[in-house]
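Peer 1: I am attaching a structure below and will ask some questions about it afterwards.
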Amino acid sequence: MSHDEAIDPNQPLEFQTEKSRLNILGFWIFLGAEIALFGTLFATYFVLTGRLADGPGPSELFELRGVLIETFILLTSSFTCGIAIHEMRRGSRKGLMIWFILTMLLGLGFLYFEIEEFIHYIHEGASLQTSAFWSAFFTLLGTHGAHVSLGIGWMTMILIQLARNGLNSTTARKAFIISLYWHFLDVVWIFIFTGVYLLGMVM
């Protein structure tokens, strides 16, 4: 048995092989790059705040109710994702899959409300072409939404692998990594909710 295949039964399933531990470490490094990406987008957004040209301002269009719905849905999905990993560590493939499916459905619900929000803004005269501010706004939130879409697709592929191959160190590692990714997107959304929406409502 190679070093990569050596099993450490004292570790959680996703950490039991050297390959899994290295992959998880590598993903933490990848998240560092993602932090840099979103940090750049946030910086651009704040620099362009107030550059509205002849377009509407955020305080005219932002509605707290819709944003709270999106926030509640996405934060709830983080909770269900955490339960999925708890079920995985209990050795329950069925529990892991059920809670992942619920997480995906909540993610789809979040995207539905976000797309509805974007359509409303466009109808009110705020689009990528309206002003520098709205261009930065749609770029930041669109990038986050694209990441959520990617996460849903990624989780779907892991569910297929769980159904075919069962719960083992490889599928556990993949499930754990997508959970890190999903929680990261929820943290980014908290910054969006605070820095974009709450501040924008008082501009």
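Ligands are numbered from 1 in the order shown, chains are lettered A, B, ... in the order of the structure tokens, and residues start at 1 in each chain.
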When you look at stretch 139-144 of chain A with a cut-off of 10 Å (counting only C-alpha atoms), what residues show up, excluding the ones that are within fewer than 4 positions of it in the same chain? I need them as number ranges by chain.
Peer 2: A: 37-42, 44-45, 114-115, 118, 128, 133-135, 148-150, 185-186, 188-189, 192, 196
Peer 1: Okay, now the selection with N, CA, C and O atoms, as a CSV table (one decimal), in the first residue's frame?
Peer 2:
```csv
chain,number,residue,atom,x,y,z
A,37,LEU,N,-10.1,37.6,-5.0
A,37,LEU,CA,-11.1,37.9,-6.1
A,37,LEU,C,-12.2,38.8,-5.5
A,37,LEU,O,-12.5,39.9,-6.0
A,38,PHE,N,-12.9,38.3,-4.5
A,38,PHE,CA,-14.0,39.1,-4.0
A,38,PHE,C,-13.5,40.3,-3.3
A,38,PHE,O,-14.2,41.3,-3.3
A,39,GLY,N,-12.3,40.3,-2.7
A,39,GLY,CA,-11.8,41.5,-2.1
A,39,GLY,C,-11.6,42.6,-3.2
A,39,GLY,O,-11.9,43.8,-2.9
A,40,THR,N,-11.1,42.2,-4.3
A,40,THR,CA,-11.0,43.2,-5.5
A,40,THR,C,-12.3,43.7,-5.9
A,40,THR,O,-12.5,44.9,-6.2
A,41,LEU,N,-13.3,42.8,-6.0
A,41,LEU,CA,-14.7,43.2,-6.4
A,41,LEU,C,-15.3,44.2,-5.4
A,41,LEU,O,-16.0,45.2,-5.8
A,42,PHE,N,-15.1,43.9,-4.1
A,42,PHE,CA,-15.7,44.8,-3.1
A,42,PHE,C,-15.0,46.1,-3.2
A,42,PHE,O,-15.6,47.2,-3.1
A,44,THR,N,-13.6,47.6,-5.7
A,44,THR,CA,-14.1,48.3,-6.9
A,44,THR,C,-15.4,48.9,-6.7
A,44,THR,O,-15.7,50.0,-7.0
A,45,TYR,N,-16.3,48.1,-6.1
A,45,TYR,CA,-17.7,48.5,-5.8
A,45,TYR,C,-17.6,49.8,-4.9
A,45,TYR,O,-18.3,50.8,-5.2
A,114,GLU,N,-32.8,36.1,-6.4
A,114,GLU,CA,-31.8,37.1,-6.9
A,114,GLU,C,-32.0,37.5,-8.3
A,114,GLU,O,-31.9,38.7,-8.7
A,115,ILE,N,-32.4,36.5,-9.1
A,115,ILE,CA,-32.7,36.8,-10.5
A,115,ILE,C,-33.9,37.7,-10.6
A,115,ILE,O,-33.9,38.7,-11.4
A,118,PHE,N,-32.8,41.2,-9.9
A,118,PHE,CA,-32.0,41.8,-11.0
A,118,PHE,C,-33.0,42.3,-12.1
A,118,PHE,O,-32.8,43.3,-12.6
A,128,LEU,N,-26.1,47.0,-16.2
A,128,LEU,CA,-24.7,47.1,-16.3
A,128,LEU,C,-24.2,48.4,-17.0
A,128,LEU,O,-23.2,49.0,-16.7
A,133,PHE,N,-21.5,52.7,-10.9
A,133,PHE,CA,-22.0,52.0,-9.7
A,133,PHE,C,-22.7,50.8,-10.0
A,133,PHE,O,-22.4,49.7,-9.4
A,134,TRP,N,-23.7,50.8,-10.9
A,134,TRP,CA,-24.5,49.6,-11.2
A,134,TRP,C,-23.7,48.6,-11.9
A,134,TRP,O,-23.9,47.4,-11.7
A,135,SER,N,-22.7,49.0,-12.7
A,135,SER,CA,-21.8,48.0,-13.3
A,135,SER,C,-21.1,47.2,-12.2
A,135,SER,O,-21.0,46.0,-12.3
A,148,VAL,N,-22.5,30.4,-6.6
A,148,VAL,CA,-23.6,29.6,-6.1
A,148,VAL,C,-24.0,28.6,-7.1
A,148,VAL,O,-24.2,27.4,-6.8
A,149,SER,N,-24.2,29.0,-8.3
A,149,SER,CA,-24.6,28.1,-9.4
A,149,SER,C,-23.6,27.0,-9.6
A,149,SER,O,-23.9,25.8,-9.7
A,150,LEU,N,-22.3,27.3,-9.5
A,150,LEU,CA,-21.2,26.3,-9.6
A,150,LEU,C,-21.3,25.4,-8.5
A,150,LEU,O,-21.1,24.2,-8.6
A,185,LEU,N,-19.2,30.9,0.5
A,185,LEU,CA,-20.1,31.8,-0.2
A,185,LEU,C,-21.1,32.4,0.7
A,185,LEU,O,-21.5,33.6,0.5
A,186,ASP,N,-21.5,31.8,1.8
A,186,ASP,CA,-22.4,32.4,2.8
A,186,ASP,C,-21.7,33.5,3.5
A,186,ASP,O,-22.3,34.5,3.8
A,188,VAL,N,-19.3,35.4,2.3
A,188,VAL,CA,-19.2,36.5,1.3
A,188,VAL,C,-20.6,37.2,1.2
A,188,VAL,O,-20.6,38.5,1.2
A,189,TRP,N,-21.7,36.4,1.3
A,189,TRP,CA,-23.0,37.1,1.2
A,189,TRP,C,-23.2,38.0,2.4
A,189,TRP,O,-23.9,39.0,2.3
A,192,ILE,N,-21.8,41.1,1.6
A,192,ILE,CA,-22.7,41.8,0.6
A,192,ILE,C,-23.9,42.4,1.2
A,192,ILE,O,-24.2,43.6,1.0
A,196,VAL,N,-23.1,46.2,0.9
A,196,VAL,CA,-23.8,46.6,-0.3
A,196,VAL,C,-25.3,47.1,0.0
A,196,VAL,O,-25.6,48.2,-0.2
```
Peer 1: Do you know which residues are at most 10 Å from A:Val187 counting only C-alpha atoms, after dropping those on the same chain fewer than 6 positions away, and could you put them as number ranges by chain?
Peer 2: A: 74-75, 78, 193
Peer 1: Just C-alpha atoms for this one: save the residues we selected as a PDB file, in the first residue's frame.
Peer 2:
```pdb
ATOM      1  CA  LEU A  74     -28.739  31.267   1.977  1.00  0.00           C
ATOM      2  CA  LEU A  75     -27.881  31.182   5.687  1.00  0.00           C
ATOM      3  CA  SER A  78     -25.333  26.860   5.319  1.00  0.00           C
ATOM      4  CA  PHE A 193     -25.724  42.112   2.788  1.00  0.00           C
TER       5      PHE A 193
END
```
Peer 1: Using the chain letters and numbers from this document, which residues of chain A does DSSP assign to alpha helix (DSSP H), as a ChimeraX atom specification?
Peer 2: /A:18-48,58-61,64-89,93-123,132-165,169-192,199-201
Peer 1: Please provide as a ChimeraX atom specification all residues within 10 Å of stretch 81-94 of chain A, with the sequence filter that same-chain residues fewer than 2 positions apart are discarded (counting only C-alpha atoms).
Peer 2: /A:12-14,75-79,96-104,159,162-163,166-168,171-172,175-176,178-180,182-183
Peer 1: Please produce a file of those selected residues containing N, CA, C and O atoms, as a compact mmCIF listing (two decimals), in the first residue's frame.
Peer 2:
```txt
# COMPACT_ATOMS: atom_id res chain seq x y z
N PRO A 12 -11.30 11.73 11.19
CA PRO A 12 -12.59 11.71 10.48
C PRO A 12 -12.40 11.15 9.07
O PRO A 12 -11.30 11.24 8.50
N LEU A 13 -13.45 10.59 8.51
CA LEU A 13 -13.35 9.87 7.24
C LEU A 13 -12.68 10.71 6.15
O LEU A 13 -11.86 10.21 5.38
N GLU A 14 -13.00 12.01 6.09
CA GLU A 14 -12.47 12.86 5.02
C GLU A 14 -10.98 13.17 5.20
O GLU A 14 -10.33 13.66 4.28
N LEU A 75 -28.43 31.57 4.39
CA LEU A 75 -27.88 31.18 5.69
C LEU A 75 -28.49 29.86 6.17
O LEU A 75 -27.81 29.07 6.83
N THR A 76 -29.75 29.64 5.84
CA THR A 76 -30.36 28.34 6.17
C THR A 76 -29.67 27.22 5.41
O THR A 76 -29.45 26.12 5.95
N SER A 77 -29.28 27.50 4.17
CA SER A 77 -28.58 26.48 3.38
C SER A 77 -27.22 26.15 3.99
O SER A 77 -26.73 25.03 3.89
N SER A 78 -26.60 27.13 4.63
CA SER A 78 -25.33 26.86 5.32
C SER A 78 -25.57 25.92 6.50
O SER A 78 -24.75 25.02 6.77
N PHE A 79 -26.68 26.11 7.18
CA PHE A 79 -27.04 25.24 8.30
C PHE A 79 -27.29 23.81 7.81
O PHE A 79 -26.79 22.84 8.40
N LEU A 96 -26.45 12.28 4.59
CA LEU A 96 -25.62 13.23 3.85
C LEU A 96 -26.30 13.66 2.56
O LEU A 96 -26.37 14.86 2.24
N MET A 97 -26.82 12.71 1.82
CA MET A 97 -27.44 13.02 0.53
C MET A 97 -28.72 13.84 0.71
O MET A 97 -28.97 14.79 -0.03
N ILE A 98 -29.54 13.48 1.70
CA ILE A 98 -30.79 14.22 1.93
C ILE A 98 -30.50 15.68 2.26
O ILE A 98 -31.11 16.60 1.69
N TRP A 99 -29.55 15.91 3.16
CA TRP A 99 -29.26 17.29 3.56
C TRP A 99 -28.53 18.05 2.47
O TRP A 99 -28.71 19.28 2.35
N PHE A 100 -27.77 17.38 1.64
CA PHE A 100 -27.17 18.05 0.48
C PHE A 100 -28.26 18.46 -0.51
O PHE A 100 -28.20 19.55 -1.10
N ILE A 101 -29.23 17.60 -0.72
CA ILE A 101 -30.32 17.94 -1.64
C ILE A 101 -31.09 19.14 -1.11
O ILE A 101 -31.43 20.06 -1.88
N LEU A 102 -31.36 19.18 0.18
CA LEU A 102 -32.04 20.35 0.76
C LEU A 102 -31.19 21.61 0.59
O LEU A 102 -31.72 22.69 0.29
N THR A 103 -29.88 21.47 0.76
CA THR A 103 -28.98 22.60 0.56
C THR A 103 -29.06 23.12 -0.87
O THR A 103 -29.13 24.33 -1.11
N MET A 104 -29.07 22.20 -1.82
CA MET A 104 -29.17 22.59 -3.22
C MET A 104 -30.49 23.29 -3.53
O MET A 104 -30.53 24.29 -4.26
N LEU A 159 -23.24 14.13 -5.36
CA LEU A 159 -24.37 13.26 -5.05
C LEU A 159 -24.40 12.04 -5.97
O LEU A 159 -24.68 10.92 -5.53
N LEU A 162 -21.75 9.71 -4.75
CA LEU A 162 -22.19 9.04 -3.52
C LEU A 162 -23.16 7.91 -3.83
O LEU A 162 -23.10 6.84 -3.23
N ALA A 163 -24.07 8.16 -4.77
CA ALA A 163 -25.05 7.14 -5.14
C ALA A 163 -24.36 5.94 -5.79
O ALA A 163 -24.76 4.79 -5.56
N GLY A 166 -20.88 5.01 -2.96
CA GLY A 166 -21.06 4.94 -1.52
C GLY A 166 -20.21 5.97 -0.79
O GLY A 166 -19.54 6.81 -1.39
N LEU A 167 -20.23 5.89 0.52
CA LEU A 167 -19.49 6.82 1.37
C LEU A 167 -18.14 6.21 1.72
O LEU A 167 -18.06 5.20 2.41
N ASN A 168 -17.08 6.80 1.21
CA ASN A 168 -15.73 6.35 1.51
C ASN A 168 -14.84 7.57 1.69
O ASN A 168 -15.31 8.71 1.66
N THR A 171 -15.16 10.08 -1.41
CA THR A 171 -16.40 10.84 -1.51
C THR A 171 -16.60 11.73 -0.28
O THR A 171 -17.16 12.83 -0.39
N ALA A 172 -16.12 11.27 0.87
CA ALA A 172 -16.21 12.10 2.08
C ALA A 172 -15.36 13.36 1.93
O ALA A 172 -15.78 14.46 2.31
N ALA A 175 -17.15 15.72 -0.39
CA ALA A 175 -18.30 16.33 0.27
C ALA A 175 -17.84 17.41 1.25
O ALA A 175 -18.46 18.49 1.35
N PHE A 176 -16.76 17.15 1.97
CA PHE A 176 -16.24 18.13 2.92
C PHE A 176 -15.76 19.39 2.21
O PHE A 176 -16.00 20.51 2.66
N ILE A 178 -16.75 20.61 -0.74
CA ILE A 178 -17.87 21.43 -1.23
C ILE A 178 -18.55 22.13 -0.08
O ILE A 178 -19.06 23.26 -0.23
N SER A 179 -18.53 21.54 1.11
CA SER A 179 -19.12 22.22 2.27
C SER A 179 -18.31 23.46 2.64
O SER A 179 -18.87 24.50 3.00
N LEU A 180 -16.98 23.36 2.56
CA LEU A 180 -16.14 24.53 2.80
C LEU A 180 -16.46 25.63 1.79
O LEU A 180 -16.57 26.82 2.14
N TRP A 182 -19.24 26.09 0.14
CA TRP A 182 -20.59 26.63 0.36
C TRP A 182 -20.60 27.60 1.54
O TRP A 182 -21.21 28.66 1.47
N HIS A 183 -19.91 27.24 2.63
CA HIS A 183 -19.84 28.14 3.78
C HIS A 183 -19.11 29.43 3.42
O HIS A 183 -19.47 30.51 3.90
```
Peer 1: Applying 12 Å and only C-alpha atoms, which residues near stretch 27-30 of chain A remain after dropping the ones on its own chain fewer than 3 positions away? List them as a list in words.
Peer 2: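 In the requested format, the answer is Ser20, Arg21, Leu22, Asn23, Ile24, Ala33, Glu34, Ile35, Ala36, Leu37, Arg173, Lys174, Phe176, Ile177, Ile178, Ser179, Leu180, Tyr181 and Phe184 of chain A.
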